[in-house]
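File shown here: entry_19.txt, holding compact mmCIF, C-alpha atoms.
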# COMPACT_ATOMS: atom_id res chain seq x y z
CA ALA P 1 0.00 0.00 0.00
CA SER P 2 1.07 3.61 -0.52
CA ALA P 3 2.08 5.54 2.60
CA VAL P 4 0.23 8.66 1.41
CA ARG P 5 -3.56 8.34 1.44
CA ALA P 6 -6.17 10.80 0.19
CA ASN P 7 -8.52 11.22 3.14
CA ASP P 8 -10.73 14.15 2.16
CA MET P 9 -11.05 16.49 -0.82
CA PHE P 10 -13.48 19.35 -1.29
CA ILE P 11 -13.97 22.82 -2.75
CA VAL P 12 -14.08 25.92 -0.55
CA GLN P 13 -15.67 29.19 -1.61
CA TYR P 14 -14.72 32.53 -0.10
CA ASP P 15 -17.34 35.22 -0.69
CA ALA P 16 -16.49 38.87 -0.01
CA GLU P 17 -20.06 39.56 1.09
CA ASN P 18 -20.96 36.46 3.13
CA ARG P 19 -17.83 34.47 4.04
CA PRO P 20 -14.67 36.38 3.23
CA SER P 21 -12.23 34.49 5.50
CA LEU P 22 -11.56 31.40 7.61
CA VAL P 23 -10.28 31.71 11.18
CA ALA P 24 -6.88 30.32 12.20
CA HIS P 25 -6.92 26.52 12.61
CA THR P 26 -5.01 23.31 11.99
CA ASP P 27 -6.17 20.57 9.61
CA SER P 28 -7.20 16.99 10.42
CA SER P 29 -4.47 15.37 8.35
CA ASP P 30 -0.71 14.93 7.99
CA ILE P 31 -0.36 16.95 4.79
CA SER P 32 -2.70 19.56 3.35
CA PHE P 33 -2.82 21.24 -0.02
CA ASN P 34 -5.00 23.75 -1.81
CA VAL P 35 -5.22 24.59 -5.49
CA LEU P 36 -6.30 28.04 -6.66
CA LEU P 37 -9.29 27.76 -9.02
CA THR P 38 -10.21 31.41 -9.64
CA THR P 39 -8.58 34.84 -9.76
CA ASN P 40 -11.62 37.16 -9.85
CA PHE P 41 -11.06 38.45 -6.30
CA THR P 42 -8.86 40.82 -4.32
CA GLY P 43 -7.10 40.05 -1.05
CA GLY P 44 -7.14 36.48 0.23
CA GLY P 45 -4.36 33.94 0.52
CA THR P 46 -3.17 31.79 3.43
CA ARG P 47 -1.39 33.20 6.48
CA PHE P 48 0.66 30.89 8.70
CA TRP P 49 1.10 31.56 12.42
CA ASN P 50 3.70 30.66 15.04
CA ARG P 51 1.77 29.52 18.13
CA VAL P 52 4.57 30.45 20.54
CA THR P 53 5.31 34.01 19.36
CA ARG P 54 1.69 34.50 18.23
CA GLU P 55 2.99 36.16 15.10
CA PRO P 56 2.55 35.23 11.42
CA PHE P 57 5.65 33.98 9.62
CA VAL P 58 4.42 33.97 6.04
CA HIS P 59 1.42 35.09 3.98
CA VAL P 60 1.12 33.16 0.71
CA GLN P 61 -1.00 34.69 -2.08
CA PRO P 62 -1.00 32.60 -5.28
CA THR P 63 -2.13 34.58 -8.31
CA GLU P 64 -2.24 31.94 -11.06
CA VAL P 65 -5.01 29.35 -11.50
CA GLY P 66 -3.60 25.90 -10.81
CA SER P 67 -1.04 27.09 -8.25
CA VAL P 68 -0.67 24.52 -5.46
CA LEU P 69 0.11 25.37 -1.83
CA LEU P 70 1.37 22.33 0.10
CA ASN P 71 1.90 22.46 3.88
CA ASN P 72 2.36 20.45 7.06
CA ALA P 73 -1.20 20.14 8.36
CA ILE P 74 -0.31 20.86 12.00
CA LEU P 75 0.85 24.39 11.12
CA ARG P 76 -1.67 26.93 12.35
CA HIS P 77 -3.03 28.91 9.42
CA GLU P 78 -5.96 31.05 8.32
CA GLY P 79 -7.78 31.93 5.14
CA VAL P 80 -7.13 35.67 4.78
CA ALA P 81 -10.19 37.77 3.99
CA ILE P 82 -10.96 38.71 0.41
CA THR P 83 -12.33 42.21 -0.09
CA GLN P 84 -13.97 41.72 -3.47
CA GLY P 85 -15.24 38.86 -5.62
CA HIS P 86 -15.22 35.09 -5.03
CA ARG P 87 -12.20 32.90 -4.28
CA PHE P 88 -12.50 29.17 -4.96
CA ILE P 89 -9.86 26.65 -3.88
CA PHE P 90 -9.68 22.88 -4.15
CA VAL P 91 -8.52 21.47 -0.79
CA GLY P 92 -7.05 18.06 -0.02
CA PHE P 93 -6.27 16.38 3.31
CA MET P 94 -3.68 13.60 3.01
CA GLY P 95 -2.88 10.93 5.60
CA VAL P 96 0.56 9.35 5.98
CA ASP P 97 0.37 5.74 7.23
CA ARG P 98 2.89 3.15 8.42
CA LYS P 99 0.36 0.45 7.57
CA ASP P 100 -2.62 0.27 5.25
CA PRO P 101 -5.69 0.94 7.44
CA PHE P 102 -7.74 -1.64 5.50
CA THR P 103 -5.31 -4.51 5.06
CA GLY P 104 -2.84 -3.87 7.86
CA LYS P 105 0.06 -4.32 5.42
CA PRO P 106 3.18 -2.15 5.91
CA THR P 107 3.40 0.81 3.54
CA GLY P 108 7.17 1.14 3.60
CA LEU P 109 7.13 4.40 5.57
CA SER P 110 10.45 4.68 7.40
CA ILE P 111 10.82 5.13 11.14
CA PHE P 112 12.44 8.53 10.49
CA SER P 113 9.27 9.72 8.74
CA SER P 114 6.99 8.34 11.44
CA TYR P 115 7.97 7.65 15.04
CA LEU P 116 10.99 9.96 14.83
CA SER P 117 8.94 12.75 13.22
CA MET P 118 7.32 15.11 15.73
CA SER P 119 4.75 16.25 13.17
CA TRP P 120 3.67 12.68 12.43
CA MET P 121 3.41 11.87 16.14
CA VAL P 122 1.26 14.95 16.79
CA THR P 123 -1.25 13.73 14.21
CA LYS P 124 -1.31 10.21 15.70
CA PHE P 125 -1.79 11.44 19.28
CA LYS P 126 -4.56 13.76 18.07
CA GLU P 127 -6.24 10.86 16.24
CA GLY P 128 -5.99 8.69 19.36
CA PHE P 129 -7.57 11.38 21.53
CA HIS P 130 -10.51 11.99 19.19
CA ALA P 131 -11.08 8.27 18.53
CA SER P 132 -11.29 7.65 22.28
CA ARG P 133 -13.64 10.57 22.83
CA ASN P 134 -15.95 9.34 20.05
CA ARG P 135 -16.03 5.81 21.51
CA LEU P 136 -16.99 7.14 24.92
CA ALA P 137 -19.70 9.36 23.40
CA THR P 138 -21.25 6.49 21.40
CA GLN P 139 -20.86 3.76 24.03
CA ALA P 140 -18.70 1.72 21.65
CA ALA P 141 -16.41 -1.08 22.84
CA ARG P 142 -13.62 0.29 25.01
CA LYS P 143 -9.87 0.20 24.30
CA TRP P 144 -6.89 0.76 26.56
CA THR P 145 -6.52 4.27 25.15
CA ASP P 146 -9.91 5.20 26.63
CA ASN P 147 -8.36 5.45 30.08
CA LYS P 148 -8.75 9.08 31.14
CA PHE P 149 -5.06 9.40 31.96
CA ILE P 150 -4.05 8.10 28.52
CA ARG P 151 -6.47 10.49 26.83
CA SER P 152 -5.10 13.38 28.87
CA LEU P 153 -1.56 12.33 27.96
CA PHE P 154 -2.41 12.35 24.24
CA ARG P 155 -3.96 15.82 24.53
CA ASP P 156 -1.02 17.24 26.48
CA LEU P 157 1.55 15.69 24.11
CA VAL P 158 -0.17 17.28 21.12
CA SER P 159 0.02 20.71 22.74
CA ALA P 160 3.60 20.27 23.98
CA ILE P 161 5.03 18.96 20.69
CA GLN P 162 3.28 21.66 18.64
CA ASP P 163 4.74 24.37 20.88
CA LEU P 164 8.18 22.73 20.70
CA GLU P 165 8.06 22.64 16.91
CA ASP P 166 6.88 26.24 16.66
CA SER P 167 9.65 27.44 18.99
CA GLN P 168 12.53 25.32 17.65
CA ALA P 169 11.80 24.39 14.03
CA ARG P 170 12.64 26.70 11.16
CA HIS P 171 9.53 28.12 9.47
CA PHE P 172 9.82 29.13 5.84
CA PHE P 173 8.09 29.21 2.48
CA ALA P 174 9.74 27.98 -0.70
CA ASP P 175 8.76 27.66 -4.36
CA LEU P 176 9.28 23.97 -5.13
CA VAL P 177 8.71 24.62 -8.82
CA LYS P 178 9.60 28.05 -10.16
CA PRO P 179 7.03 29.63 -12.52
CA GLN P 180 9.54 29.56 -15.39
CA ASP P 181 10.10 25.82 -14.81
CA LYS P 182 6.41 24.84 -14.73
CA GLU P 183 6.09 23.53 -18.28
CA ALA P 184 9.36 21.56 -18.10
CA TYR P 185 8.30 20.06 -14.75
CA LEU P 186 4.94 18.90 -16.10
CA ALA P 187 6.59 17.51 -19.22
CA LYS P 188 8.98 15.42 -17.08
CA LEU P 189 6.05 14.04 -15.09
CA ASP P 190 4.28 13.06 -18.31
CA GLU P 191 7.45 11.35 -19.57
CA ALA P 192 7.78 9.36 -16.36
CA TYR P 193 4.13 8.20 -16.45
CA GLU P 194 4.36 7.23 -20.12
CA ALA P 195 7.63 5.33 -19.59
CA ARG P 196 6.12 3.37 -16.70
CA GLU P 197 3.02 2.48 -18.73
CA LYS P 198 5.11 1.27 -21.69
CA ALA P 199 7.31 -0.82 -19.42
CA GLY P 200 4.29 -2.21 -17.57
CA THR P 201 6.03 -1.37 -14.31
CA ALA P 202 3.83 -1.38 -11.22
CA LEU P 203 4.43 0.84 -8.24
CA GLU P 204 6.27 -0.82 -5.37
CA HIS P 205 3.48 0.28 -3.04
CA GLU P 206 0.14 0.56 -4.82
CA PRO P 207 -2.36 3.06 -3.33
CA SER P 208 -5.52 1.84 -1.60
CA TRP P 209 -8.83 3.41 -2.59
CA PHE P 210 -12.38 3.08 -1.37
CA LYS P 211 -15.51 5.08 -1.95
CA GLY P 212 -15.44 8.21 0.20
CA GLN P 213 -11.81 8.19 1.36
CA GLN P 214 -12.99 9.78 4.61
CA LEU P 215 -11.63 7.98 7.64
CA ASP P 216 -10.84 8.68 11.26
CA LEU P 217 -7.94 6.50 12.39
CA ASP P 218 -6.92 5.51 15.91
CA VAL P 219 -3.44 6.00 17.35
CA ASP P 220 -2.47 2.49 16.20
CA GLY P 221 -3.42 3.21 12.57
CA THR P 222 -6.64 1.16 12.56
CA VAL P 223 -9.97 2.54 11.32
CA ALA P 224 -11.90 4.24 14.12
CA ASN P 225 -14.73 5.79 12.13
CA VAL P 226 -15.92 6.26 8.55
CA TRP P 227 -17.41 9.67 7.92
CA ALA P 228 -20.94 10.03 6.66
CA SER P 229 -21.26 11.43 3.14
CA ARG P 230 -21.23 15.21 3.27
CA LYS P 231 -23.88 17.19 1.46
CA TYR P 232 -24.06 20.93 0.93
CA THR P 233 -26.61 22.47 3.30
CA GLY P 234 -25.64 26.11 2.97
CA GLU P 235 -24.34 26.11 6.52
CA GLY P 236 -21.30 24.97 8.46
CA LYS P 237 -17.55 25.39 8.21
CA PHE P 238 -17.22 25.14 4.44
CA ASN P 239 -19.29 26.38 1.56
CA GLU P 240 -19.05 23.30 -0.62
CA LEU P 241 -20.22 22.97 -4.21

Can the structure from this file be put into structure tokens for me?
Amino acid sequence: ASAVRANDMFIVQYDAENRPSLVAHTDSSDISFNVLLTTNFTGGGTRFWNRVTREPFVHVQPTEVGSVLLNNAILRHEGVAITQGHRFIFVGFMGVDRKDPFTGKPTGLSIFSSYLSMSWMVTKFKEGFHASRNRLATQAARKWTDNKFIRSLFRDLVSAIQDLEDSQARHFFADLVKPQDKEAYLAKLDEAYEAREKAGTALEHEPSWFKGQQLDLDVDGTVANVWASRKYTGEGKFNEL
């Protein structure tokens, strides 16, 4: 199985009149990305905050349709207000797993990218805390992680590690693909895909897919909950199409 799993994807609309911004938050994933879909607006962008200094460290404002912003999901960030028009972005939440949550097979993720990664551990402790809280709320079968001291430990570790990362880790923004290199980059990707298809070469770790791709995992990487299908109601956190 592939270590990177698509867990949720959706479209967000920012409206200058009704919903111009999104308050500072962290995402429920390991990796997040958003793709700019429109340019008929002013303002906007994504501002990232340091939780320790309580100051922003970068404000990213893509201006070209198709531009992709990729970030560590535990970074605190906000959708900056637009002052005119409508801003649409395509958002993806990606999970990073040591084992396939459906088959239990190892994904090949190294120990350095998992247990020795503070960011990865934050996500796992957060998942363990929420999975336990949901079991207690629904009277589901108990697990050892439902002990109140274990739950409190998960919660405190999330807060402590996030503060440690914000105070000690270097925060920066970088263009992974320069605008002038875009066409060459895409051409190389196409060449690689075509070469693999001609050779009939399979990926070493094939991705797992299922309808919905919306899971809550437990701290041990097992499935804790499958989300209900989301439908647009005109209310709630996201204006979805």

Using all atoms listed in the file: which of P:Ala140, P:Leu176, P:Met121, P:Ile82 has the shortest distance to Val219 in chain P:
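Going through P:Ala140, P:Leu176, P:Met121, P:Ile82 one by one, the smallest distance to Val219 in chain P is for P:Met121.
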
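The space separating CA of Val58 in chain P from CA of Gly43 in chain P comes to 14.8 Å.
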
Can I get the residues of range 11-90 of chain P within 12 Å of range 98-120 of chain P, each with the closest pair of atoms and their distance in Å to one decimal, using all atoms listed in the file, sorted chain first then ascending number, as CSV?
residue,atom,partner,partner_atom,distance
P:Ser28,CA,P:Trp120,CA,11.9
P:Ser29,CA,P:Trp120,CA,9.5
P:Asp30,CA,P:Trp120,CA,6.6
P:Ile31,CA,P:Trp120,CA,9.6
P:Asn71,CA,P:Ser119,CA,11.5
P:Asn72,CA,P:Ser119,CA,7.8
P:Ala73,CA,P:Ser119,CA,8.6
P:Ile74,CA,P:Ser119,CA,6.9
P:Leu75,CA,P:Ser119,CA,9.3

Is it possible to get the residues within 12 Å of (6.4, 30.3, -12.1) (coordinates as in the file, counting all atoms listed in the file) written as a ChimeraX atom specification?
/P:62-68,175-185

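If you count all atoms listed in the file and ignore residues fewer than 4 places along the chain from His59 in chain P, what sits within 7 Å of it is Gly45, Thr46, Arg47 and Phe48 of chain P.
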
Output file for the selection above: C-alpha atoms, as a CSV table (one decimal), keeping the file's coordinate frame:
chain,number,residue,atom,x,y,z
P,45,GLY,CA,-4.4,33.9,0.5
P,46,THR,CA,-3.2,31.8,3.4
P,47,ARG,CA,-1.4,33.2,6.5
P,48,PHE,CA,0.7,30.9,8.7

From CA of Asp166 in chain P to CA of Leu69 in chain P the spacing works out at 19.7 Å

In Å and to one decimal, CA of Arg19 in chain P is distant from CA of Val52 in chain P by 28.1 Å

Smallest atom-to-atom distance to Ala224 in chain P: which of P:Leu36, P:Ala131, P:Met9, P:Val122, using all atoms listed in the file?
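Result for the nearest residue to Ala224 in chain P: P:Ala131.
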